[in-house]
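See below for final_14.txt, which holds compact mmCIF, C-alpha atoms and all ligand atoms.
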# COMPACT_ATOMS: atom_id res chain seq x y z
CA MET A 2 -36.39 -7.29 -4.67
CA ILE A 3 -34.64 -4.32 -3.09
CA THR A 4 -33.59 -1.01 -4.58
CA VAL A 5 -30.06 0.28 -4.14
CA LYS A 6 -28.33 3.31 -5.57
CA ILE A 7 -25.08 2.58 -7.40
CA ASN A 8 -22.95 5.65 -8.13
CA GLY A 9 -26.19 7.63 -8.00
CA GLU A 10 -28.25 5.34 -10.25
CA GLU A 11 -31.08 3.22 -8.90
CA ARG A 12 -30.88 -0.52 -9.46
CA GLN A 13 -33.10 -3.42 -8.49
CA MET A 14 -31.52 -6.49 -7.03
CA PRO A 15 -32.67 -9.62 -5.21
CA ALA A 16 -33.06 -9.31 -1.44
CA LYS A 17 -30.13 -10.84 0.47
CA GLY A 18 -27.77 -9.96 -2.37
CA THR A 19 -24.20 -9.28 -1.31
CA ILE A 20 -21.49 -7.02 -2.65
CA ARG A 21 -19.92 -10.09 -4.22
CA THR A 22 -23.08 -10.87 -6.21
CA LEU A 23 -23.36 -7.20 -7.17
CA ALA A 24 -19.75 -7.19 -8.46
CA VAL A 25 -20.49 -10.26 -10.56
CA ASP A 26 -23.69 -8.66 -11.93
CA LEU A 27 -21.75 -5.54 -12.87
CA GLY A 28 -19.08 -7.65 -14.57
CA LEU A 29 -16.34 -6.32 -12.29
CA ASN A 30 -13.20 -8.10 -11.16
CA PRO A 31 -13.27 -7.82 -7.35
CA GLU A 32 -9.51 -7.20 -7.40
CA THR A 33 -10.03 -3.88 -9.17
CA VAL A 34 -12.83 -2.27 -7.15
CA LEU A 35 -13.89 -1.31 -3.65
CA PHE A 36 -17.41 -0.78 -2.41
CA VAL A 37 -18.26 2.10 -0.12
CA VAL A 38 -21.79 1.67 1.27
CA ASN A 39 -23.42 4.72 2.89
CA GLY A 40 -19.95 6.21 3.27
CA VAL A 41 -18.32 3.14 4.84
CA LEU A 42 -15.97 0.65 3.18
CA GLN A 43 -17.57 -2.80 3.23
CA PRO A 44 -16.20 -6.30 2.54
CA GLU A 45 -17.51 -8.64 -0.14
CA ASP A 46 -19.94 -10.55 2.07
CA TYR A 47 -21.80 -7.36 3.11
CA ARG A 48 -25.51 -7.94 2.55
CA LEU A 49 -27.08 -4.99 0.74
CA GLN A 50 -30.18 -3.40 2.29
CA ASP A 51 -33.06 -1.63 0.61
CA GLY A 52 -32.10 2.02 0.09
CA ASP A 53 -28.31 1.52 0.42
CA GLU A 54 -26.19 4.04 -1.44
CA VAL A 55 -23.23 2.29 -2.98
CA GLU A 56 -20.17 3.95 -4.40
CA VAL A 57 -18.07 1.71 -6.63
CA VAL A 58 -14.48 2.93 -6.41
CA SER A 59 -12.17 1.80 -9.20
CA VAL A 60 -8.68 1.30 -7.84
CA VAL A 61 -6.73 0.91 -11.08
CA SER A 62 -4.74 3.88 -12.32
CA GLY A 63 -2.84 4.41 -15.54
CA GLY A 64 0.52 5.28 -14.02
CA MET B 24 -16.91 -11.16 8.10
CA LYS B 25 -14.91 -10.57 11.27
CA CYS B 26 -11.45 -9.11 11.81
CA ARG B 27 -8.94 -11.93 12.12
CA ILE B 28 -7.18 -10.10 14.94
CA CYS B 29 -9.88 -8.57 17.16
CA GLY B 30 -13.19 -10.04 15.93
CA LYS B 31 -14.81 -6.67 15.21
CA PRO B 32 -16.63 -6.25 11.86
CA ALA B 33 -14.17 -6.35 8.97
CA VAL B 34 -14.11 -3.72 6.20
CA ILE B 35 -11.92 -5.64 3.77
CA LYS B 36 -10.93 -9.16 2.90
CA LEU B 37 -7.39 -9.70 1.61
CA ARG B 38 -7.49 -12.95 -0.30
CA ALA B 39 -3.74 -12.95 -1.03
CA HIS B 40 -3.11 -13.02 2.73
CA ASN B 41 -6.25 -15.00 3.55
CA ILE B 42 -7.39 -12.50 6.18
CA ALA B 43 -10.22 -10.04 6.82
CA LEU B 44 -9.49 -6.94 8.89
CA CYS B 45 -11.27 -4.16 10.76
CA PRO B 46 -10.26 -0.52 10.01
CA GLU B 47 -7.78 -0.34 12.88
CA HIS B 48 -5.99 -3.58 12.05
CA PHE B 49 -6.09 -2.94 8.31
CA VAL B 50 -4.28 0.38 8.83
CA GLU B 51 -1.74 -1.43 10.97
CA PHE B 52 -1.35 -4.09 8.27
CA VAL B 53 -0.65 -1.53 5.53
CA GLN B 54 1.87 0.35 7.64
CA LYS B 55 3.63 -2.90 8.59
CA GLN B 56 3.84 -4.02 4.95
CA THR B 57 5.45 -0.69 4.07
CA ALA B 58 7.92 -0.96 6.94
CA LYS B 59 8.74 -4.48 5.76
CA ALA B 60 9.50 -3.34 2.21
CA ILE B 61 11.66 -0.47 3.50
CA LYS B 62 13.69 -2.93 5.56
CA HIS B 63 13.74 -5.77 3.02
CA TYR B 64 15.09 -3.58 0.22
CA ARG B 65 17.19 -1.38 2.55
CA MET B 66 15.52 1.80 1.39
CA PHE B 67 16.31 4.17 4.28
CA ASP B 68 16.29 4.42 8.05
CA LYS B 69 15.04 6.73 10.76
CA ASP B 70 17.99 9.15 10.46
CA ASP B 71 17.35 9.79 6.76
CA HIS B 72 15.39 12.74 5.47
CA ILE B 73 12.91 11.56 2.85
CA ALA B 74 11.44 13.69 0.05
CA VAL B 75 8.06 12.30 -1.02
CA ALA B 76 6.85 13.11 -4.54
CA VAL B 77 3.16 13.92 -4.08
CA SER B 78 0.76 14.06 -7.02
CA GLY B 79 -2.57 14.36 -5.20
CA GLY B 80 -3.39 10.74 -6.13
CA LYS B 81 -4.09 7.92 -3.67
CA ASP B 82 -0.66 6.30 -3.79
CA SER B 83 1.53 9.30 -3.03
CA LEU B 84 -0.77 10.70 -0.34
CA ALA B 85 -1.07 7.29 1.32
CA LEU B 86 2.73 7.00 1.20
CA LEU B 87 3.13 10.38 2.89
CA ASP B 88 0.62 9.36 5.55
CA ILE B 89 2.26 5.98 6.20
CA LEU B 90 5.81 7.36 6.43
CA THR B 91 4.81 10.11 8.87
CA GLU B 92 2.81 7.61 10.95
CA LEU B 93 5.84 5.29 11.02
CA GLY B 94 7.87 8.18 12.42
CA TYR B 95 10.12 8.99 9.46
CA LYS B 96 11.51 12.46 8.78
CA VAL B 97 9.54 13.52 5.73
CA SER B 98 9.18 16.52 3.38
CA ALA B 99 7.15 16.66 0.18
CA PHE B 100 7.22 18.25 -3.24
CA TYR B 101 4.57 18.70 -5.90
CA ILE B 102 5.23 19.25 -9.61
CA ASP B 103 2.55 21.45 -11.19
CA LEU B 104 2.39 20.47 -14.86
CA GLY B 105 -0.23 23.09 -15.66
CA ILE B 106 -2.74 20.61 -17.12
CA LYS B 107 -6.01 22.50 -17.57
CA HIS B 108 -8.27 19.66 -18.70
CA MET B 109 -10.94 19.20 -16.00
CA ASP B 110 -8.76 21.41 -13.78
CA TYR B 111 -6.53 18.37 -13.31
CA SER B 112 -3.42 20.19 -12.08
CA LYS B 113 -5.32 22.73 -10.03
CA THR B 114 -7.36 20.09 -8.19
CA SER B 115 -4.47 17.73 -7.63
CA LYS B 116 -2.26 20.53 -6.32
CA GLU B 117 -4.99 21.64 -3.89
CA LYS B 118 -5.46 18.09 -2.58
CA ALA B 119 -1.70 17.52 -2.26
CA GLN B 120 -1.14 20.81 -0.44
CA ALA B 121 -4.16 20.38 1.82
CA PHE B 122 -2.99 16.93 2.88
CA CYS B 123 0.59 18.06 3.52
CA GLU B 124 -0.74 20.88 5.65
CA LYS B 125 -2.94 18.48 7.59
CA LYS B 126 0.07 16.27 8.27
CA GLY B 127 2.31 19.22 9.12
CA VAL B 128 4.69 18.35 6.29
CA LYS B 129 6.55 21.02 4.31
CA CYS B 130 5.65 20.91 0.60
CA LEU B 131 7.61 22.65 -2.18
CA VAL B 132 5.70 23.34 -5.39
CA TYR B 133 7.54 23.42 -8.73
CA SER B 134 5.13 25.03 -11.15
CA LEU B 135 5.85 24.87 -14.89
CA PRO B 136 3.38 27.70 -15.69
CA GLU B 137 4.99 29.90 -13.06
CA MET B 138 8.58 29.07 -13.97
CA PHE B 139 8.23 29.01 -17.75
CA GLY B 140 4.90 30.61 -18.56
CA MET B 141 3.35 27.45 -19.98
CA GLY B 142 2.16 24.02 -18.98
CA ILE B 143 3.05 20.63 -20.38
CA ASP B 144 0.28 20.68 -23.04
CA GLU B 145 1.32 23.92 -24.64
CA ALA B 146 5.01 22.98 -24.46
CA ALA B 147 4.29 19.62 -26.08
CA ARG B 148 2.23 21.21 -28.83
CA LYS B 149 4.95 23.72 -29.63
CA SER B 150 7.69 21.12 -29.72
CA ARG B 151 5.63 18.34 -31.32
CA ARG B 152 6.61 15.95 -28.58
CA THR B 153 4.08 13.79 -26.77
CA PRO B 154 3.03 15.28 -23.40
CA CYS B 155 4.01 12.02 -21.69
CA SER B 156 7.62 11.90 -22.90
CA LEU B 157 8.06 15.56 -22.03
CA CYS B 158 6.39 15.04 -18.68
CA GLY B 159 8.64 12.06 -17.84
CA MET B 160 11.83 14.01 -18.58
CA THR B 161 10.59 17.09 -16.72
CA LYS B 162 9.47 15.16 -13.64
CA ARG B 163 12.72 13.17 -13.42
CA TYR B 164 14.69 16.41 -13.51
CA LEU B 165 12.56 18.33 -11.01
CA MET B 166 12.65 15.34 -8.67
CA ASN B 167 16.42 15.72 -8.47
CA VAL B 168 16.11 19.47 -7.98
CA ALA B 169 13.57 18.95 -5.19
CA ALA B 170 15.83 16.48 -3.38
CA ARG B 171 18.66 19.04 -3.59
CA ASP B 172 16.46 21.96 -2.43
CA LEU B 173 14.98 19.96 0.45
CA GLU B 174 18.42 18.57 1.35
CA ALA B 175 16.87 15.11 1.33
CA ASP B 176 18.80 11.84 1.42
CA VAL B 177 16.22 9.86 -0.53
CA VAL B 178 13.33 10.51 -2.93
CA ALA B 179 10.31 8.24 -2.39
CA THR B 180 7.54 7.73 -4.96
CA GLY B 181 4.14 6.07 -4.62
CA HIS B 182 4.63 3.25 -7.16
CA ASN B 183 2.73 0.21 -5.94
CA LEU B 184 2.85 -3.54 -6.56
CA ASP B 185 0.46 -3.30 -9.52
CA ASP B 186 2.60 -0.63 -11.20
CA GLN B 187 5.77 -2.64 -10.74
CA ALA B 188 4.22 -5.97 -11.76
CA ALA B 189 2.63 -4.43 -14.88
CA ALA B 190 5.95 -2.85 -15.93
CA LEU B 191 7.67 -6.18 -15.37
CA PHE B 192 5.02 -7.99 -17.39
CA ALA B 193 5.36 -5.51 -20.27
CA ASN B 194 9.17 -5.69 -20.26
CA LEU B 195 9.08 -9.49 -20.20
CA MET B 196 6.65 -9.59 -23.11
CA ARG B 197 9.23 -7.67 -25.15
CA TRP B 198 12.23 -9.37 -23.51
CA ASP B 199 13.58 -5.90 -22.98
CA VAL B 200 16.57 -7.04 -20.95
CA SER B 201 18.03 -3.57 -20.41
CA TYR B 202 14.78 -2.53 -18.69
CA LEU B 203 14.55 -5.85 -16.88
CA ALA B 204 17.92 -5.00 -15.31
CA LYS B 205 16.47 -1.81 -13.84
CA GLY B 206 13.18 -2.80 -12.19
CA TYR B 207 14.44 -2.94 -8.61
CA PRO B 208 12.43 -0.77 -6.16
CA VAL B 209 15.65 1.01 -5.14
CA LEU B 210 17.90 3.07 -7.39
CA PRO B 211 21.15 3.94 -5.64
CA ALA B 212 22.45 7.50 -5.45
CA GLU B 213 24.73 8.07 -8.39
CA HIS B 214 26.49 10.82 -10.30
CA GLY B 215 25.16 13.42 -7.91
CA PHE B 216 21.57 12.17 -8.22
CA PRO B 217 19.71 11.12 -5.08
CA LYS B 218 18.72 7.59 -4.14
CA LYS B 219 15.18 6.77 -5.32
CA VAL B 220 12.87 4.27 -3.63
CA LYS B 221 9.36 2.79 -3.94
CA PRO B 222 8.19 1.83 -0.43
CA LEU B 223 4.70 0.66 -1.52
CA VAL B 224 5.92 -2.29 -3.63
CA PHE B 225 4.42 -4.85 -1.26
CA LEU B 226 0.94 -3.29 -1.49
CA THR B 227 -1.66 -3.63 -4.23
CA GLU B 228 -3.58 -0.70 -5.64
CA ARG B 229 -6.69 -2.06 -4.00
CA GLU B 230 -5.02 -2.13 -0.58
CA ILE B 231 -3.73 1.42 -1.01
CA ALA B 232 -7.09 2.78 -2.19
CA ALA B 233 -8.77 1.07 0.77
CA TYR B 234 -6.17 2.57 3.10
CA ALA B 235 -6.85 6.05 1.68
CA ILE B 236 -10.61 5.57 2.20
CA VAL B 237 -10.28 4.20 5.74
CA ARG B 238 -7.86 7.00 6.72
CA GLY B 239 -10.15 9.64 5.18
CA ILE B 240 -7.46 10.85 2.76
CA ASP B 241 -8.99 13.16 0.18
CA TYR B 242 -7.29 12.26 -3.13
CA VAL B 243 -7.90 13.01 -6.83
CA ARG B 244 -10.03 10.22 -8.17
CA TYR B 245 -9.61 10.90 -11.86
CA GLU B 246 -6.62 10.33 -14.05
CA CYS B 247 -4.21 12.61 -15.82
CA PRO B 248 -6.00 13.13 -19.17
CA HIS B 249 -2.84 12.22 -21.09
CA SER B 250 -2.14 9.02 -19.25
CA GLU B 251 -0.32 7.02 -21.89
CA GLY B 252 -1.44 4.20 -19.68
CA ALA B 253 -3.98 2.60 -22.03
CA ARG B 254 -1.57 -0.21 -22.88
CA PHE B 255 -0.31 -0.34 -19.33
CA LEU B 256 -3.90 -0.79 -18.15
CA VAL B 257 -4.28 -3.87 -20.31
CA TYR B 258 -1.31 -5.47 -18.57
CA LYS B 259 -2.82 -4.57 -15.21
CA GLU B 260 -6.17 -6.00 -16.24
CA HIS B 261 -4.64 -9.32 -17.23
CA LEU B 262 -2.60 -9.54 -14.04
CA ASN B 263 -5.73 -8.82 -12.02
CA ALA B 264 -7.62 -11.56 -13.84
CA ILE B 265 -4.88 -14.00 -12.82
CA GLU B 266 -4.82 -12.54 -9.29
CA ASN B 267 -8.57 -13.11 -8.99
CA MET B 268 -8.09 -16.75 -9.97
CA SER B 269 -4.97 -17.24 -7.87
CA PRO B 270 -4.58 -14.65 -5.08
CA GLY B 271 -0.99 -13.65 -4.28
CA THR B 272 0.27 -14.06 -7.85
CA LYS B 273 1.23 -10.40 -8.36
CA ARG B 274 3.34 -10.37 -5.25
CA ARG B 275 5.10 -13.66 -6.03
CA PHE B 276 5.68 -12.45 -9.60
CA TYR B 277 7.34 -9.18 -8.60
CA GLN B 278 9.13 -10.31 -5.46
CA GLY B 279 10.54 -13.34 -7.25
CA TYR B 280 11.78 -11.02 -9.95
CA THR B 281 13.64 -8.79 -7.46
CA GLU B 282 15.38 -11.93 -6.17
CA ASN B 283 16.36 -12.89 -9.71
CA ILE B 284 17.16 -9.46 -11.10
CA TRP B 285 20.92 -10.18 -11.00
CA ARG B 286 20.37 -12.58 -13.89
CA PHE B 287 19.47 -9.60 -16.06
CA GLN B 288 21.97 -7.26 -14.46
CA ILE B 289 24.99 -9.39 -15.33
CA GLU B 290 24.27 -8.53 -18.94
CA PHE B 291 24.08 -4.81 -18.24
CA PRO B 292 26.66 -4.07 -15.59
CA GLU B 293 27.04 -0.48 -16.81
CA GLN B 294 23.47 0.27 -15.75
CA CYS B 295 23.68 -1.15 -12.31
CA GLU B 296 27.13 -0.87 -10.84
CA LYS B 297 28.18 2.21 -9.07
CA LYS B 298 30.90 3.89 -11.08
CA ASP B 299 33.92 5.76 -9.80
CA GLU B 300 33.61 9.50 -10.05
CA GLU B 301 36.58 9.67 -12.46
CA GLU B 302 35.04 7.47 -15.08
CA SER B 303 31.65 9.13 -14.72
CA PRO B 304 30.50 10.65 -18.00
CA MET B 305 28.53 13.22 -16.05
CA LYS B 306 29.42 16.91 -15.95
CA PRO B 307 27.51 19.78 -14.39
CA CYS B 308 25.04 21.32 -16.86
CA LYS B 309 26.39 24.65 -18.15
CA ILE B 310 23.08 26.33 -17.41
CA CYS B 311 21.66 24.81 -14.24
CA GLY B 312 24.58 22.88 -12.75
CA MET B 313 22.73 19.58 -12.39
CA PRO B 314 24.68 16.53 -13.59
CA THR B 315 24.30 15.68 -17.29
CA ALA B 316 25.95 13.29 -19.74
CA SER B 317 25.04 15.27 -22.86
CA GLU B 318 27.91 16.15 -25.20
CA ASP B 319 27.29 19.88 -25.39
CA GLY B 320 27.13 20.08 -21.60
CA ILE B 321 23.51 21.25 -21.46
CA CYS B 322 21.00 18.94 -19.79
CA SER B 323 17.85 17.85 -21.60
CA PHE B 324 15.70 19.89 -19.22
CA CYS B 325 17.55 23.15 -19.93
CA ARG B 326 17.72 22.38 -23.65
CA PHE B 327 13.95 22.11 -23.70
CA TRP B 328 12.74 24.62 -21.13
CA ARG B 329 15.53 27.20 -21.69
CA PRO B 330 15.42 28.88 -18.33
CA GLU B 331 16.82 32.39 -18.88
CA GLU B 332 18.24 32.23 -15.43
CA VAL B 333 18.86 29.36 -13.08
CA LYS B 334 17.12 31.21 -10.27
CA LYS B 335 13.88 30.47 -12.08
CA ILE B 336 14.02 26.76 -11.34
CA LYS B 337 12.82 26.79 -7.79
CA GLY B 338 10.08 25.49 -5.61
CA GLN B 339 7.68 27.60 -3.61
CA GLU B 340 6.35 26.81 -0.20
ZN ZN A 401 -9.36 -5.75 14.25
ZN ZN A 402 20.43 22.09 -16.95

Would you put the structure from the file into structure tokens?
Ligand SMILES: [Zn+2]
Ligand SMILES: [Zn+2]
Amino acid sequence: MITVKINGEERQMPAKGTIRTLAVDLGLNPETVLFVVNGVLQPEDYRLQDGDEVEVVSVVSGG
Amino acid sequence: MKCRICGKPAVIKLRAHNIALCPEHFVEFVQKQTAKAIKHYRMFDKDDHIAVAVSGGKDSLALLDILTELGYKVSAFYIDLGIKHMDYSKTSKEKAQAFCEKKGVKCLVYSLPEMFGMGIDEAARKSRRTPCSLCGMTKRYLMNVAARDLEADVVATGHNLDDQAAALFANLMRWDVSYLAKGYPVLPAEHGFPKKVKPLVFLTEREIAAYAIVRGIDYVRYECPHSEGARFLVYKEHLNAIENMSPGTKRRFYQGYTENIWRFQIEFPEQCEKKDEEESPMKPCKICGMPTASEDGICSFCRFWRPEEVKKIKGQE
């Protein structure tokens, strides 16, 4: 297991987990979010590392 | 994942286009898609002066960035609605102004509290109207004033593909044919009102948010507290569920509609055809001079906001 921080909260996840698996775990539609890891935008196959700080950015606005 | 163009590490995968791109080529992609929409829908050209409505949100700031990068002649305006909740208006104005300054773009601010001594909330409370209906009327009016003050040929707003597709979806669900006749991303200049365009209609919200992040654009991440959008969000959510299953659906849905819009327009020619000046029902408002069709000759903005003097309705640099 590795520990990552998601929007400031710590979360355990299996080693070799990707952003895609994280999105699924969080119940998010990948079309509606972006993942910024340690300040850098990353694509869905990015493999999360122990200690990564992830910001989940919702892209949907109410208009 | 590698960039399809240069092989460097990609920052985003675009399933609808079946490509992954690095920051440099993603920025190029977004700017090209915007240029394509501008050309496809004949929005404006390099000689035109474009007034961009900036709200401090991702869409309008990205639009301003893209248009200046593409070499268009651009000015901006910001409408300060005086919303105090979570400092919404204050923060969004600061971000809009800071970005305009960074880009070297002139920005006029039309501030309701400064012009009329109150913001949209207080005005709505006093008149028992919903903030959103009041806000819509007020913004439409000030957009026309801004275009006049900036001597702009066109007003551009940051509406994106998701906004347009969700509105289309909602109008189709109700078979609201009069609205279905009006969903084109270009509204021609008419009755003394400027042409209005939506250059981001080929781009999804996700692409625009990613562009803002990659370009380091500092935008307001939270929503207007009134956003009547709850229902609108449900339409977006459903469209995104379909998009996830079948990438490219939103674009085919909206672009196909713009190719078929004439089917709705033939039923509502009065809303779409350009009328001769003589048969125009519009007269200058007795108070502010902007065109109005109201019977007593006072526009809905002046009837509501009652500016004691026209001088009051002006933007500040
Ligand atoms: Zn590249
Ligand atoms: Zn008026």

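Among the candidates A:Gly18, A:Leu23, A:Asn8, A:Gly28, the residue lying nearest to A:Val58 is A:Asn8 (atoms considered: only C-alpha atoms).
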
- Extract, using all atoms listed in the file, all DNA, RNA and protein residues at most 10 Å from B:Thr91, discarding same-chain residues fewer than 6 positions from it, and format them as a PyMOL selection string. chain B and resi 85+97-98+126-128

- Show which residues sit within 8 Å of A:Ile20, as JSON, numbers by chain. Count only C-alpha atoms, and ignore same-chain residues fewer than 3 positions away. {"A": [23, 24, 36, 44, 45, 46, 47, 48, 49]}

- Hey, which residues come within 7 Å of ligand ZN 401 (chain A) if we count only C-alpha atoms and all ligand atoms? Could you give them as a PyMOL selection string? chain B and resi 26-31+44-48

- Message: Show me which residues are within 10 Å of ligand ZN 402 (chain A) counting only C-alpha atoms and all ligand atoms, and format the list as a ChimeraX atom specification.
- Response: /B:164,307-315,320-330,333,336

Save out the residues we just selected, C-alpha atoms, as a compact mmCIF listing (two decimals), in the frame of the given file.
# COMPACT_ATOMS: atom_id res chain seq x y z
CA TYR B 164 14.69 16.41 -13.51
CA PRO B 307 27.51 19.78 -14.39
CA CYS B 308 25.04 21.32 -16.86
CA LYS B 309 26.39 24.65 -18.15
CA ILE B 310 23.08 26.33 -17.41
CA CYS B 311 21.66 24.81 -14.24
CA GLY B 312 24.58 22.88 -12.75
CA MET B 313 22.73 19.58 -12.39
CA PRO B 314 24.68 16.53 -13.59
CA THR B 315 24.30 15.68 -17.29
CA GLY B 320 27.13 20.08 -21.60
CA ILE B 321 23.51 21.25 -21.46
CA CYS B 322 21.00 18.94 -19.79
CA SER B 323 17.85 17.85 -21.60
CA PHE B 324 15.70 19.89 -19.22
CA CYS B 325 17.55 23.15 -19.93
CA ARG B 326 17.72 22.38 -23.65
CA PHE B 327 13.95 22.11 -23.70
CA TRP B 328 12.74 24.62 -21.13
CA ARG B 329 15.53 27.20 -21.69
CA PRO B 330 15.42 28.88 -18.33
CA VAL B 333 18.86 29.36 -13.08
CA ILE B 336 14.02 26.76 -11.34
